[in-house]
>>> print(open('run19.pdb').read())   # PDB, C-alpha atoms and all ligand atoms
ATOM      1  CA  MET A   1     227.671  83.216 169.914  1.00  0.00           C
ATOM      2  CA  SER A   2     224.772  81.662 171.791  1.00  0.00           C
ATOM      3  CA  LYS A   3     221.195  82.735 171.166  1.00  0.00           C
ATOM      4  CA  LYS A   4     220.935  83.913 174.767  1.00  0.00           C
ATOM      5  CA  MET A   5     223.946  86.198 174.358  1.00  0.00           C
ATOM      6  CA  MET A   6     222.472  87.693 171.205  1.00  0.00           C
ATOM      7  CA  ILE A   7     219.200  88.460 172.986  1.00  0.00           C
ATOM      8  CA  VAL A   8     221.066  90.097 175.871  1.00  0.00           C
ATOM      9  CA  ILE A   9     223.108  92.247 173.459  1.00  0.00           C
ATOM     10  CA  ALA A  10     220.001  93.187 171.456  1.00  0.00           C
ATOM     11  CA  LEU A  11     218.254  94.298 174.668  1.00  0.00           C
ATOM     12  CA  GLN A  12     221.277  96.364 175.683  1.00  0.00           C
ATOM     13  CA  VAL A  13     221.371  98.085 172.311  1.00  0.00           C
ATOM     14  CA  LEU A  14     217.631  98.804 172.593  1.00  0.00           C
ATOM     15  CA  LEU A  15     218.103 100.283 176.066  1.00  0.00           C
ATOM     16  CA  LEU A  16     220.944 102.452 174.780  1.00  0.00           C
ATOM     17  CA  VAL A  17     218.816 103.791 171.907  1.00  0.00           C
ATOM     18  CA  VAL A  18     215.875 104.501 174.219  1.00  0.00           C
ATOM     19  CA  GLY A  19     218.270 106.260 176.592  1.00  0.00           C
ATOM     20  CA  ILE A  20     219.726 108.455 173.848  1.00  0.00           C
ATOM     21  CA  VAL A  21     216.266 109.424 172.558  1.00  0.00           C
ATOM     22  CA  TRP A  22     215.097 110.217 176.098  1.00  0.00           C
ATOM     23  CA  TYR A  23     218.232 112.281 176.783  1.00  0.00           C
ATOM     24  CA  GLN A  24     217.818 114.345 173.639  1.00  0.00           C
ATOM     25  CA  ASN A  25     214.145 115.021 174.321  1.00  0.00           C
ATOM     26  CA  ARG A  26     214.315 115.679 178.034  1.00  0.00           C
ATOM     27  CA  THR A  27     214.618 119.423 177.685  1.00  0.00           C
ATOM     28  CA  ILE A  28     211.868 120.022 175.168  1.00  0.00           C
ATOM     29  CA  SER A  29     208.756 121.826 176.380  1.00  0.00           C
ATOM     30  CA  ASP A  30     205.370 121.305 174.743  1.00  0.00           C
ATOM     31  CA  TYR A  31     204.097 124.649 176.038  1.00  0.00           C
ATOM     32  CA  GLN A  32     201.529 125.990 173.552  1.00  0.00           C
ATOM     33  CA  ALA A  33     201.837 129.718 172.835  1.00  0.00           C
ATOM     34  CA  VAL A  34     199.406 130.298 169.959  1.00  0.00           C
ATOM     35  CA  GLY A  35     197.403 133.504 170.393  1.00  0.00           C
ATOM     36  CA  ARG A  36     199.125 134.558 173.599  1.00  0.00           C
ATOM     37  CA  ALA A  37     200.716 137.879 174.451  1.00  0.00           C
ATOM     38  CA  GLY A  38     204.406 138.129 175.347  1.00  0.00           C
ATOM     39  CA  LYS A  39     203.761 138.789 179.034  1.00  0.00           C
ATOM     40  CA  GLN A  40     201.300 135.919 179.249  1.00  0.00           C
ATOM     41  CA  ILE A  41     203.795 133.486 177.737  1.00  0.00           C
ATOM     42  CA  TYR A  42     206.481 134.721 180.093  1.00  0.00           C
ATOM     43  CA  ASP A  43     204.181 134.366 183.118  1.00  0.00           C
ATOM     44  CA  GLU A  44     203.155 130.870 182.120  1.00  0.00           C
ATOM     45  CA  ALA A  45     206.330 129.356 180.688  1.00  0.00           C
ATOM     46  CA  CYS A  46     209.344 131.267 181.974  1.00  0.00           C
ATOM     47  CA  ILE A  47     208.700 132.906 185.327  1.00  0.00           C
ATOM     48  CA  SER A  48     209.108 129.687 187.319  1.00  0.00           C
ATOM     49  CA  CYS A  49     212.795 129.630 186.429  1.00  0.00           C
ATOM     50  CA  HIS A  50     213.326 133.316 185.644  1.00  0.00           C
ATOM     51  CA  PRO A  51     211.837 135.600 188.294  1.00  0.00           C
ATOM     52  CA  ILE A  52     210.653 138.815 186.685  1.00  0.00           C
ATOM     53  CA  THR A  53     213.627 140.759 188.097  1.00  0.00           C
ATOM     54  CA  GLU A  54     216.226 138.440 186.567  1.00  0.00           C
ATOM     55  CA  PHE A  55     216.265 140.167 183.204  1.00  0.00           C
ATOM     56  CA  ASP A  56     215.820 143.707 184.574  1.00  0.00           C
ATOM     57  CA  ASN A  57     217.934 146.161 182.620  1.00  0.00           C
ATOM     58  CA  ARG A  58     219.871 143.358 181.001  1.00  0.00           C
ATOM     59  CA  ASN A  59     218.948 144.579 177.544  1.00  0.00           C
ATOM     60  CA  LEU A  60     218.878 141.057 176.166  1.00  0.00           C
ATOM     61  CA  SER A  61     218.403 141.489 172.458  1.00  0.00           C
ATOM     62  CA  VAL A  62     215.316 140.125 170.749  1.00  0.00           C
ATOM     63  CA  GLU A  63     217.486 137.897 168.560  1.00  0.00           C
ATOM     64  CA  TYR A  64     219.358 136.494 171.563  1.00  0.00           C
ATOM     65  CA  THR A  65     216.196 135.601 173.463  1.00  0.00           C
ATOM     66  CA  LYS A  66     214.654 134.013 170.378  1.00  0.00           C
ATOM     67  CA  LYS A  67     217.731 131.854 169.960  1.00  0.00           C
ATOM     68  CA  LEU A  68     217.553 130.723 173.600  1.00  0.00           C
ATOM     69  CA  VAL A  69     213.864 129.839 173.293  1.00  0.00           C
ATOM     70  CA  ILE A  70     214.369 127.956 170.024  1.00  0.00           C
ATOM     71  CA  GLU A  71     217.516 126.083 171.036  1.00  0.00           C
ATOM     72  CA  GLY A  72     217.313 125.824 174.813  1.00  0.00           C
ATOM     73  CA  ARG A  73     220.551 125.657 176.776  1.00  0.00           C
ATOM     74  CA  GLY A  74     221.588 123.265 179.518  1.00  0.00           C
ATOM     75  CA  VAL A  75     218.692 122.990 181.966  1.00  0.00           C
ATOM     76  CA  MET A  76     216.613 125.440 179.972  1.00  0.00           C
ATOM     77  CA  PRO A  77     214.223 123.591 177.662  1.00  0.00           C
ATOM     78  CA  LYS A  78     213.696 124.443 174.018  1.00  0.00           C
ATOM     79  CA  TYR A  79     210.201 125.502 173.041  1.00  0.00           C
ATOM     80  CA  PRO A  80     209.296 124.210 169.566  1.00  0.00           C
ATOM     81  CA  GLU A  81     205.660 125.273 170.057  1.00  0.00           C
ATOM     82  CA  ILE A  82     206.584 128.938 170.512  1.00  0.00           C
ATOM     83  CA  GLN A  83     206.703 130.202 166.944  1.00  0.00           C
ATOM     84  CA  GLU A  84     206.043 133.491 165.151  1.00  0.00           C
ATOM     85  CA  PRO A  85     204.387 135.812 165.874  1.00  0.00           C
ATOM     86  CA  GLU A  86     204.356 134.765 169.541  1.00  0.00           C
ATOM     87  CA  LEU A  87     208.127 134.193 169.595  1.00  0.00           C
ATOM     88  CA  SER A  88     208.766 137.840 168.696  1.00  0.00           C
ATOM     89  CA  ARG A  89     206.154 139.079 171.176  1.00  0.00           C
ATOM     90  CA  LEU A  90     207.827 137.085 173.934  1.00  0.00           C
ATOM     91  CA  ALA A  91     211.334 138.238 173.008  1.00  0.00           C
ATOM     92  CA  GLU A  92     210.220 141.871 172.813  1.00  0.00           C
ATOM     93  CA  TYR A  93     208.612 141.548 176.237  1.00  0.00           C
ATOM     94  CA  VAL A  94     211.843 140.143 177.714  1.00  0.00           C
ATOM     95  CA  ASN A  95     213.817 142.877 175.957  1.00  0.00           C
ATOM     96  CA  GLN A  96     211.822 145.669 177.617  1.00  0.00           C
ATOM     97  CA  LEU A  97     211.953 144.221 181.165  1.00  0.00           C
TER      98      LEU A  97
HETATM   99  C1  LIG B   1     213.449 124.871 183.625  1.00  0.00           C
HETATM  100  C2  LIG B   1     213.859 126.218 183.902  1.00  0.00           C
HETATM  101  C3  LIG B   1     213.781 127.238 182.795  1.00  0.00           C
HETATM  102  C4  LIG B   1     212.663 127.660 182.118  1.00  0.00           C
HETATM  103  C5  LIG B   1     211.240 127.164 182.270  1.00  0.00           C
HETATM  104  C6  LIG B   1     213.106 128.728 181.237  1.00  0.00           C
HETATM  105  N1  LIG B   1     214.442 128.929 181.371  1.00  0.00           N
HETATM  106 FE1  LIG B   1     215.551 130.343 180.437  1.00  0.00          FE
HETATM  107  N2  LIG B   1     217.235 129.634 181.316  1.00  0.00           N
HETATM  108  C7  LIG B   1     217.267 128.609 182.249  1.00  0.00           C
HETATM  109  C8  LIG B   1     218.650 128.356 182.606  1.00  0.00           C
HETATM  110  C9  LIG B   1     219.127 127.310 183.605  1.00  0.00           C
HETATM  111  C10 LIG B   1     219.423 129.279 181.872  1.00  0.00           C
HETATM  112  C11 LIG B   1     220.948 129.399 181.868  1.00  0.00           C
HETATM  113  C12 LIG B   1     221.428 128.461 180.780  1.00  0.00           C
HETATM  114  C13 LIG B   1     222.921 128.330 180.739  1.00  0.00           C
HETATM  115  O1  LIG B   1     223.588 129.330 180.496  1.00  0.00           O
HETATM  116  O2  LIG B   1     223.389 127.213 180.949  1.00  0.00           O
HETATM  117  C14 LIG B   1     218.503 130.083 181.083  1.00  0.00           C
HETATM  118  C15 LIG B   1     218.879 131.119 180.246  1.00  0.00           C
HETATM  119  C16 LIG B   1     218.001 131.966 179.612  1.00  0.00           C
HETATM  120  C17 LIG B   1     218.378 133.163 178.885  1.00  0.00           C
HETATM  121  C18 LIG B   1     219.792 133.695 178.723  1.00  0.00           C
HETATM  122  C19 LIG B   1     220.067 134.628 179.870  1.00  0.00           C
HETATM  123  C20 LIG B   1     221.461 135.187 179.867  1.00  0.00           C
HETATM  124  O3  LIG B   1     221.815 135.804 180.875  1.00  0.00           O
HETATM  125  O4  LIG B   1     222.204 135.046 178.894  1.00  0.00           O
HETATM  126  C21 LIG B   1     217.231 133.711 178.386  1.00  0.00           C
HETATM  127  C22 LIG B   1     217.108 134.976 177.544  1.00  0.00           C
HETATM  128  C23 LIG B   1     216.137 132.862 178.811  1.00  0.00           C
HETATM  129  N3  LIG B   1     216.640 131.819 179.557  1.00  0.00           N
HETATM  130  C24 LIG B   1     214.823 133.099 178.500  1.00  0.00           C
HETATM  131  C25 LIG B   1     213.783 132.228 178.822  1.00  0.00           C
HETATM  132  C26 LIG B   1     212.432 132.394 178.350  1.00  0.00           C
HETATM  133  C27 LIG B   1     211.939 133.520 177.465  1.00  0.00           C
HETATM  134  C28 LIG B   1     211.717 131.344 178.872  1.00  0.00           C
HETATM  135  C29 LIG B   1     210.248 131.029 178.645  1.00  0.00           C
HETATM  136  C30 LIG B   1     209.873 130.681 177.293  1.00  0.00           C
HETATM  137  C31 LIG B   1     212.627 130.540 179.677  1.00  0.00           C
HETATM  138  N4  LIG B   1     213.871 131.116 179.620  1.00  0.00           N
HETATM  139  C32 LIG B   1     212.266 129.419 180.395  1.00  0.00           C
HETATM  140  C33 LIG B   1     216.199 127.921 182.753  1.00  0.00           C
HETATM  141  C34 LIG B   1     214.891 128.034 182.314  1.00  0.00           C
END
>>> encode(input="run19.pdb", output="structure tokens")
Amino acid sequence: MSKKMMIVIALQVLLLVVGIVWYQNRTISDYQAVGRAGKQIYDEACISCHPITEFDNRNLSVEYTKKLVIEGRGVMPKYPEIQEPELSRLAEYVNQL
């Protein structure tokens, strides 16, 4: 195999790795929640995609909402910076909407 070919293949592998890393990180939010109340977090991080009426009377359990926020789903990002106790405050706020 020529040197040129090897360089081309190496670049393609690099691009593939960069692409995979980008894909896996694309739905991670760096929103900082420390010290915030549930409603404040919701108003800042969630309301743009979830209008306040969306969860009305849905009775989404605290555990379910926590799981969504931790793991994300599809277009919804995961929020590694929302941890306890703010995570519970947020989930309880969503639960009582
Ligand atoms: C970029 C838009 C976006 C943001 C911001 C966002 N979400 Fe979501 N969320 C979604 C989408 C899209 C879904 C549906 C996911 C699916 O089922 O594929 C979803 C689903 C959910 C669900 C599940 C609803 C159900 O009916 O089962 C909950 C709970 C939820 N989000 C809570 C939150 C909270 C809390 C925040 C703020 C920390 C938030 N979301 C921020 C887009 C977003």
>>> closest_atom_pairs(input="run19.pdb", of="region 10-55 of chain A", to="region 72-83 of chain A", cutoff="10 Å", atoms="only C-alpha atoms", output="Markdown table")
| residue | atom | partner | partner_atom | distance |
| --- | --- | --- | --- | --- |
| A:Asn25 | CA | A:Pro77 | CA | 9.2 |
| A:Arg26 | CA | A:Pro77 | CA | 7.9 |
| A:Thr27 | CA | A:Pro77 | CA | 4.2 |
| A:Ile28 | CA | A:Lys78 | CA | 4.9 |
| A:Ser29 | CA | A:Tyr79 | CA | 5.2 |
| A:Asp30 | CA | A:Glu81 | CA | 6.1 |
| A:Tyr31 | CA | A:Glu81 | CA | 6.2 |
| A:Gln32 | CA | A:Glu81 | CA | 5.5 |
| A:Ala33 | CA | A:Ile82 | CA | 5.3 |
| A:Val34 | CA | A:Ile82 | CA | 7.3 |
| A:Arg36 | CA | A:Ile82 | CA | 9.8 |
| A:Ile41 | CA | A:Ile82 | CA | 9.0 |
| A:Ala45 | CA | A:Tyr79 | CA | 9.4 |
| A:Cys46 | CA | A:Met76 | CA | 9.5 |
| A:Cys49 | CA | A:Met76 | CA | 8.6 |
>>> closest_residue(input="run19.pdb", among="A:Lys39, A:His50, A:Arg89, A:Lys3", to="ligand LIG 1 (chain B)", atoms="only C-alpha atoms and all ligand atoms")
A:His50
>>> atom_distance(input="run19.pdb", atom1="CA of Thr65 (chain A)", atom2="CA of Gly35 (chain A)")
19.2 Å
>>> closest_residue(input="run19.pdb", among="A:Leu97, A:Ile7, A:Met1, A:Ala91", to="Phe55 (chain A)", atoms="all atoms listed in the file")
A:Leu97
>>> resolve_selection(input="run19.pdb", expression="the PyMOL selection byres (((chain A and resi 92) around 10) and not hetatm)", output="ChimeraX atom specification")
/A:38-39,60-63,65-66,86-91,93-97
>>> closest_residue(input="run19.pdb", among="A:Ile20, A:Tyr42, A:Ile70, A:Asp56", to="ligand LIG 1 (chain B)", atoms="only C-alpha atoms and all ligand atoms")
A:Tyr42
>>> atom_distance(input="run19.pdb", atom1="CA of Val21 (chain A)", atom2="atom C3 of ligand LIG 1 (chain B)")
20.7 Å
>>> closest_residue(input="run19.pdb", among="A:Glu71, A:Ser48, A:Glu84, A:Asn59", to="ligand LIG 1 (chain B)", atoms="only C-alpha atoms and all ligand atoms")
A:Ser48
>>> atom_distance(input="run19.pdb", atom1="atom C1 of ligand LIG 1 (chain B)", atom2="CA of Asp43 (chain A)")
13.3 Å
>>> axis_aligned_box(input="run19.pdb", around="ligand LIG 1 (chain B)", padding_each_side="4 Å", output="JSON")
{"center_x": 216.7, "center_y": 130.3, "center_z": 180.6, "size_x": 21.7, "size_y": 18.9, "size_z": 14.6}
>>> decode(input="run19.pdb", residues="region 45-69 of chain A", atoms="C-alpha atoms", output="CSV table (one decimal), in the first residue's frame")
chain,number,residue,atom,x,y,z
A,45,ALA,CA,-33.9,24.9,30.5
A,46,CYS,CA,-37.1,23.2,29.5
A,47,ILE,CA,-39.9,25.7,28.6
A,48,SER,CA,-38.4,26.4,25.1
A,49,CYS,CA,-39.3,22.9,24.1
A,50,HIS,CA,-42.0,22.1,26.6
A,51,PRO,CA,-44.6,24.9,26.9
A,52,ILE,CA,-45.9,25.0,30.5
A,53,THR,CA,-49.2,23.5,29.4
A,54,GLU,CA,-47.6,20.4,27.9
A,55,PHE,CA,-47.3,18.5,31.2
A,56,ASP,CA,-50.6,19.7,32.6
A,57,ASN,CA,-52.4,17.0,34.5
A,58,ARG,CA,-50.1,14.4,33.0
A,59,ASN,CA,-49.0,13.2,36.4
A,60,LEU,CA,-45.5,12.4,35.2
A,61,SER,CA,-43.8,10.7,38.1
A,62,VAL,CA,-40.8,12.2,39.8
A,63,GLU,CA,-38.7,9.1,38.9
A,64,TYR,CA,-39.8,9.2,35.2
A,65,THR,CA,-38.9,12.9,34.8
A,66,LYS,CA,-35.5,12.4,36.5
A,67,LYS,CA,-34.7,9.5,34.1
A,68,LEU,CA,-35.6,11.7,31.1
A,69,VAL,CA,-33.4,14.6,32.4
